[in-house]
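> Attaching a single structure in structure tokens format; questions to follow.
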Amino acid sequence: MAGKVKTIAVLTSGGDAPGMNAAIRAVVRTAISRGLKVKGIKRGYMGLLNEEIIDMQARDVSDIIQRGGTILGTARCLEFKKPEVQQKGADICKKHGIDGIVVIGGDGSYRGAQSLSRLGINTIGLPGTIDLDIACTDYTIGFDTAVNTAMQAIDKVKDTSSSHERCSIIEVMGRNAGYIALWCGIANGAEDILLPEVYNYDEQEIINHIIENRKKGKTHHLIINAEGIGHSVSMSRRIEAATGLETRATILGYMQRGGNPTARDRVYASIMGAKAVDVMLEGKTNRVIAHRHGEFVDVDIEEALQMTKSIDPYQYEIAQMI
């Protein structure tokens with residue numbers, strides 16, 4: 001199979017994540033150095049179906065490693081779940097001479113890659129998501145930047161919250177995963193951290209915690225709320241009414257997706273991008289590049305999709321204790 005791979009393509013799918021450009025750059029330059037032709041597919045699977053396919057050279061990825069977002073653009077394509085649409089995508093790949101595709105995205109993107117693999121297109125996935133919710137890997141491209149961006153923003157809100165003796169509820173991204181919230185809760189010294197995986201939705205516990213801290217002389221209170229729980233604004237109204245403490249909600253939103261990627265996101269994404277090309281040249285397909293126990297490895301997509309991931313109970317215990 002390795003001998004058949006002469007032209008590969010790269011696409012980014014789903015939500016964008018800082019470090020995706022570093023991965024694209026590594027895929028393009030590694031493939032060229034290995035004697036392959038490279039094409040870029042714009043706007044993910046949607047762009048594949050629309051044949052938004054361009055030739056890429058090493059110079060096309062110059063000066064992008066430091067940029068957030070993705071130079072190829074991205075989109076969600078629910079239509080690609082249909083078998084007939086997947087077949088159309090595979091036919092387009094063959095029409096353009098594409099033997100394999102490196103897909104940078106999350107679980108939904110892997111399902112599309114898996115479908116293309118079954119239809120004869122070699123596929124390798126890279127974990128590109130700020131949510132850190134891909135079970136087969138300890139690291140996902142963009143998480144480190146997103147959590148640092150959120151941490152810095154929360155520090156600023158915490159300053160003014162302290163000045164005004166407020167309770168602040170700060171909502172961070174993560175979809176249904178609480179990793180950004182957990183990390184920020186520890187890094188920012190939050191009094192309460194609300195995670196979808198463990199939160200019991202008992203606001204009275206939070207209210208009691210605020211009242212107890214006030215009795216001890218604490219004048220402000222920081223709550224990190226995960227996107228998967230949400231309702232931060234209405235929660236702030238209820239807490240203020242119950243405690244008498246001025247309470248404000250801040251939703252950090254999409255700022256967490258943007259910005260210059262950290263060194264870790266640049267380096268790890270680059271290594272993963274290069275490894276994706278080399279794994280494909282080994283004759284493998286339907287694989288995901290993962291970082292596990294300090295090593296970069298490849299995992300079967302089917303196995304990756306069946307894995308589950310949960311919050312480390314010890315990390316959560318530490319977050320509550322300190």
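Identifiers in the structure tokens: chain A, B, ... in order shown; residue index from 1 per chain; ligand index from 1 in order shown.
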From stretch 76-292 of chain A, collect each residue whose DSSP state is strand (DSSP E) and return the set as JSON, numbers by chain.
{"A": [100, 101, 102, 103, 104, 105, 122, 123, 124, 125, 126, 127, 167, 168, 169, 170, 171, 172, 192, 193, 194, 221, 222, 223, 224, 225, 226, 247, 248, 249, 250, 251, 287, 288, 289, 290, 291, 292]}
> DSSP on the backbone, alpha helix (DSSP H) only: what residues of stretch 93-240 of chain A does that give? Format it as a VMD selection string.
chain A and resid 93 to 95 107 to 118 143 to 163 179 to 187 203 to 215 232 to 240
> At a cut-off of 9 Å, using only C-alpha atoms, what residues contact A:Lys37? Leave out same-chain residues fewer than 4 positions from it and give the result as a VMD selection string.
chain A and resid 6 to 9 28 31 to 32 55 to 57
> Go ahead and save the residues from that selection, with C-alpha atoms, as a compact mmCIF listing (two decimals), in the first residue's frame.

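Full text of out00.txt as output:
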# COMPACT_ATOMS: atom_id res chain seq x y z
CA LYS A 6 1.88 9.42 -4.30
CA THR A 7 -0.45 12.32 -3.55
CA ILE A 8 -1.91 13.21 -0.17
CA ALA A 9 -4.28 15.94 0.92
CA VAL A 28 2.97 19.65 3.71
CA ALA A 31 5.22 14.95 2.51
CA ILE A 32 7.23 17.01 0.04
CA ASP A 55 -1.97 22.29 -4.88
CA MET A 56 0.39 23.09 -2.01
CA GLN A 57 4.12 23.77 -2.02
> Rounded to one decimal, what separation in Å do you get between atom CA of A:Glu203 and atom CA of A:Ala242?
10.1 Å
> List the neighbours of A:Ala304 out to 8 Å using only C-alpha atoms; skip same-chain residues closer than 5 positions along the sequence, and give me the result as a ChimeraX atom specification.
/A:134-136,288,299
> Dump C-alpha atoms for the selected residues as a short mmCIF file (atom, residue, chain, number, x, y, z; two decimals), in the first residue's frame?

data_model
loop_
_atom_site.label_atom_id
_atom_site.label_comp_id
_atom_site.auth_asym_id
_atom_site.auth_seq_id
_atom_site.Cartn_x
_atom_site.Cartn_y
_atom_site.Cartn_z
CA ILE A 134 -10.54 12.63 22.57
CA ALA A 135 -10.12 9.55 24.72
CA CYS A 136 -7.22 7.90 22.88
CA VAL A 288 -5.28 8.47 14.68
CA VAL A 299 -4.23 4.13 17.15
#
> Give me the residues near A:Gly178 as a VMD selection string, where near means some atom within 12 Å (using only C-alpha atoms) and where sequence neighbours in that chain fewer than 4 positions away do not count.
chain A and resid 130 to 133 143 147 171 to 174 182 to 185 193 to 199 224 to 230 309 to 312 315 to 316
> Just want the 12 Å neighbourhood of A:Ser117, counted on only C-alpha atoms, with same-chain residues fewer than 6 positions away dropped. Output as number ranges by chain.
A: 86-87, 89-90, 93, 99-103, 110-111, 123-125, 280, 284-287, 300-302
> Between A:Lys39, A:Arg166, A:Arg238, A:Arg266, which has the minimum distance to A:Ile206 (counting only C-alpha atoms)?
A:Arg238
> A:Arg67, A:Arg175, A:Arg214, A:His164: which is nearest A:Pro18, counting only C-alpha atoms?
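Closest to A:Pro18, using only C-alpha atoms: A:Arg67.
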> Out of A:Ser62, A:Asn208, A:Ser161, A:Ser109, which residue has the shortest atom-to-atom distance to A:Asp192 when counting only C-alpha atoms?
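Between A:Ser62, A:Asn208, A:Ser161, A:Ser109, the residue approaching A:Asp192 most closely is A:Asn208.
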> Closest to A:Asp138 among A:Arg264, A:Lys215, A:His293, A:Arg59, using only C-alpha atoms?
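Using only C-alpha atoms, the shortest distance to A:Asp138 belongs to A:His293.
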> Tell me, as a list in words, which residues lie within 12 Å of A:Leu245, counting only C-alpha atoms; anything in the same chain fewer than 6 positions away does not count.
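Final neighbour list, sorted by chain and number: Ser161, His164, Glu165, Arg166, Cys167, Ser168, Ile207, Ile210, Ile211, Asn213, Arg214, Lys218, Thr219, His220, His221, Ser236, Arg237, Arg238 and Ile239 of chain A.
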